[in-house]
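Q: Here's a structure for you.
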Amino acid sequence: AAPTAAPTALPTAAPTSPPVPAPTTAPTAAPTAPPVTAPTGGGDWVEVYKDDFESDQGLFMGTNKRFEPISFPDGNWSLRIRRISQLKTSWIDIRDYSQLSFKFWMYATGMEVGDNFFFNVRFNGETAFTPVDEWVSGTDFSNREWLQQAMTIGVPAGKRKIQLQFKGDSDKGNDRVYIDQVLLEGN
């Protein structure tokens with residue numbers, strides 16, 4: 001048989017870009033300070049209510065709601081919902097605003113995939129709370145990581161007061177969500 005010719009193509013060089021690190025399942029570190037920017041939409045935002053729960057539970061009513069040592073970004077205290085409990089504020093005056101921005105930091109423990117909690121509001125003259133947002137474990141958050149949540153709420157004409165409510169919807173006593181650094185702004 002005739003000898004085969006040597007290959008004419010040069011060998012391919014190894015890639016020169018650095019390797020991409022593999023994803024990690026380790027908890028992410030909390031940022032050093034919460035962002036304080038107002039939501040997009042323009043206008044001047046005015047602080048209506050702000051609390052870090054270090055001295056008390058603020059406008060949130062009830063007993064056995066404030067817990068330590070889970071707090072963001074520093075300090076010792078936050079509020080907690082567990083299983084199907086709720087955190088509800090007293091009435092907050094919003095007569096000067098047509099829209100509201102609400103932000104908070106959350107940290108979950110023991111929440112199985114599919115466990116969830118809600119943020120609801122009620123305006124003066126209403127008997128029921130209206131859902132604003134919902135967060136589901138495994139989809140919107142994971143256990144043991146701080147996340148900031150933010151939303152804009154339109155204020156219906158003629159409404160002068162609002163109540164805020166966090167409501168748990170999980171099935172076990174170890175299902176907990178800690179709430180800290182709440183900020184309600186109006187414009």
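Numbering starts fresh at 1 for the residues of each chain in the structure tokens, the chains themselves are lettered A, B, ... in the order given, and ligands are numbered from 1 as they appear.
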Write out as a list of chain:residue names each polymer residue whose atoms come within 8 Å of Ala157 in chain A, counting only C-alpha atoms; drop sequence neighbours fewer than 2 positions from it.
A: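 The residues satisfying every condition are A:Ser98, A:Val155, A:Lys159.
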Q: Name all residues at most 9 Å from Glu47 in chain A (count only C-alpha atoms; drop same-chain ones fewer than 4 positions away) and give them as a VMD selection string.
A: chain A and resid 183 to 186
Q: Tell me, as a list in words, which residues lie within 12 Å of Lys50 in chain A, counting only C-alpha atoms; anything in the same chain fewer than 2 positions away does not count.
A: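 After dropping sequence-adjacent residues, the list is Val36, Val46, Glu47, Val48, Asp52, Phe53, Glu54, Gln57, Gly58, Leu59, Phe60, Ile92, Ser101, Phe102, Lys103, Phe104, Asp180, Gln181, Val182, Leu183, Leu184, Glu185 and Gly186 of chain A.
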Q: Pull N, CA, C and O atoms from the residues just selected and write them as an mmCIF file, in the first residue's frame.
A:
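Contents of part.cif, as written:
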data_model
loop_
_atom_site.group_PDB
_atom_site.id
_atom_site.type_symbol
_atom_site.label_atom_id
_atom_site.label_comp_id
_atom_site.auth_asym_id
_atom_site.auth_seq_id
_atom_site.Cartn_x
_atom_site.Cartn_y
_atom_site.Cartn_z
ATOM 1 N N VAL A 36 -31.152 52.632 47.900
ATOM 2 C CA VAL A 36 -32.144 53.596 48.360
ATOM 3 C C VAL A 36 -32.740 54.393 47.203
ATOM 4 O O VAL A 36 -33.323 55.425 47.402
ATOM 5 N N VAL A 46 -41.280 60.888 48.215
ATOM 6 C CA VAL A 46 -41.201 61.386 49.584
ATOM 7 C C VAL A 46 -41.358 60.206 50.537
ATOM 8 O O VAL A 46 -42.258 59.380 50.380
ATOM 9 N N GLU A 47 -40.483 60.141 51.525
ATOM 10 C CA GLU A 47 -40.574 59.061 52.513
ATOM 11 C C GLU A 47 -41.866 59.188 53.308
ATOM 12 O O GLU A 47 -42.167 60.243 53.864
ATOM 13 N N VAL A 48 -42.645 58.095 53.352
ATOM 14 C CA VAL A 48 -43.879 58.037 54.116
ATOM 15 C C VAL A 48 -43.649 57.239 55.396
ATOM 16 O O VAL A 48 -44.081 57.637 56.476
ATOM 17 N N ASP A 52 -36.310 49.886 60.476
ATOM 18 C CA ASP A 52 -35.368 48.766 60.508
ATOM 19 C C ASP A 52 -35.652 47.841 61.695
ATOM 20 O O ASP A 52 -34.947 46.867 61.899
ATOM 21 N N PHE A 53 -36.649 48.161 62.493
ATOM 22 C CA PHE A 53 -37.150 47.338 63.599
ATOM 23 C C PHE A 53 -36.138 47.118 64.717
ATOM 24 O O PHE A 53 -36.276 46.193 65.508
ATOM 25 N N GLU A 54 -35.141 47.971 64.814
ATOM 26 C CA GLU A 54 -34.145 47.828 65.878
ATOM 27 C C GLU A 54 -34.691 48.255 67.243
ATOM 28 O O GLU A 54 -34.284 47.709 68.256
ATOM 29 N N GLN A 57 -41.405 47.252 66.789
ATOM 30 C CA GLN A 57 -41.934 46.732 65.526
ATOM 31 C C GLN A 57 -42.674 47.784 64.719
ATOM 32 O O GLN A 57 -43.385 47.465 63.769
ATOM 33 N N GLY A 58 -42.463 49.045 65.033
ATOM 34 C CA GLY A 58 -42.977 50.131 64.213
ATOM 35 C C GLY A 58 -44.482 50.128 64.091
ATOM 36 O O GLY A 58 -45.201 49.929 65.069
ATOM 37 N N LEU A 59 -44.982 50.331 62.888
ATOM 38 C CA LEU A 59 -46.421 50.390 62.634
ATOM 39 C C LEU A 59 -47.065 49.013 62.521
ATOM 40 O O LEU A 59 -48.276 48.909 62.363
ATOM 41 N N PHE A 60 -46.264 47.948 62.571
ATOM 42 C CA PHE A 60 -46.820 46.599 62.455
ATOM 43 C C PHE A 60 -47.401 46.170 63.797
ATOM 44 O O PHE A 60 -46.727 46.219 64.826
ATOM 45 N N ILE A 92 -52.002 54.037 57.576
ATOM 46 C CA ILE A 92 -50.965 55.002 57.222
ATOM 47 C C ILE A 92 -51.595 56.073 56.334
ATOM 48 O O ILE A 92 -52.266 55.749 55.345
ATOM 49 N N SER A 101 -44.428 53.644 46.469
ATOM 50 C CA SER A 101 -43.361 52.670 46.247
ATOM 51 C C SER A 101 -43.147 51.957 47.578
ATOM 52 O O SER A 101 -43.047 52.610 48.620
ATOM 53 N N PHE A 102 -43.099 50.634 47.546
ATOM 54 C CA PHE A 102 -42.823 49.882 48.776
ATOM 55 C C PHE A 102 -41.668 48.941 48.509
ATOM 56 O O PHE A 102 -41.670 48.194 47.531
ATOM 57 N N LYS A 103 -40.656 49.006 49.385
ATOM 58 C CA LYS A 103 -39.478 48.138 49.285
ATOM 59 C C LYS A 103 -39.224 47.500 50.633
ATOM 60 O O LYS A 103 -39.507 48.102 51.677
ATOM 61 N N PHE A 104 -38.661 46.292 50.592
ATOM 62 C CA PHE A 104 -38.271 45.622 51.830
ATOM 63 C C PHE A 104 -37.229 44.568 51.492
ATOM 64 O O PHE A 104 -37.061 44.171 50.338
ATOM 65 N N ASP A 180 -37.218 43.011 56.792
ATOM 66 C CA ASP A 180 -36.414 44.070 57.391
ATOM 67 C C ASP A 180 -36.293 45.234 56.412
ATOM 68 O O ASP A 180 -36.579 45.092 55.224
ATOM 69 N N GLN A 181 -35.868 46.387 56.949
ATOM 70 C CA GLN A 181 -35.589 47.583 56.138
ATOM 71 C C GLN A 181 -36.756 47.940 55.211
ATOM 72 O O GLN A 181 -36.597 48.056 54.005
ATOM 73 N N VAL A 182 -37.961 48.122 55.791
ATOM 74 C CA VAL A 182 -39.102 48.496 54.970
ATOM 75 C C VAL A 182 -39.048 49.988 54.649
ATOM 76 O O VAL A 182 -38.597 50.791 55.466
ATOM 77 N N LEU A 183 -39.470 50.332 53.443
ATOM 78 C CA LEU A 183 -39.476 51.723 53.011
ATOM 79 C C LEU A 183 -40.708 51.962 52.140
ATOM 80 O O LEU A 183 -40.868 51.340 51.092
ATOM 81 N N LEU A 184 -41.602 52.834 52.615
ATOM 82 C CA LEU A 184 -42.784 53.239 51.855
ATOM 83 C C LEU A 184 -42.587 54.695 51.455
ATOM 84 O O LEU A 184 -42.327 55.552 52.309
ATOM 85 N N GLU A 185 -42.674 54.967 50.142
ATOM 86 C CA GLU A 185 -42.527 56.317 49.614
ATOM 87 C C GLU A 185 -43.754 56.652 48.781
ATOM 88 O O GLU A 185 -44.407 55.773 48.250
ATOM 89 N N GLY A 186 -44.044 57.953 48.683
ATOM 90 C CA GLY A 186 -45.182 58.397 47.884
ATOM 91 C C GLY A 186 -44.788 59.486 46.916
ATOM 92 O O GLY A 186 -43.809 60.193 47.126
#
Q: Considering only C-alpha atoms, return as a list in words whatever protein or nucleic-acid residues lie within 7 Å of Arg82 in chain A, sequence-local ones (same chain, fewer than 5 positions apart) excluded.
A: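 Using only C-alpha atoms, the neighbours found are Gly168, Gly173, Asp175, Arg176 and Val177 of chain A.
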Q: As an exercise, work out the distance from CA of Ser137 in chain A to CA of Asp169 in chain A in Å and give it to one decimal place.
A: 11.0 Å
Q: Using only C-alpha atoms, which residue out of A:Thr152, A:Ser55, A:Ser90, A:Asn143 lies closest to Tyr178 in chain A?
A: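 That would be A:Asn143, the residue with the smallest distance to Tyr178 in chain A.
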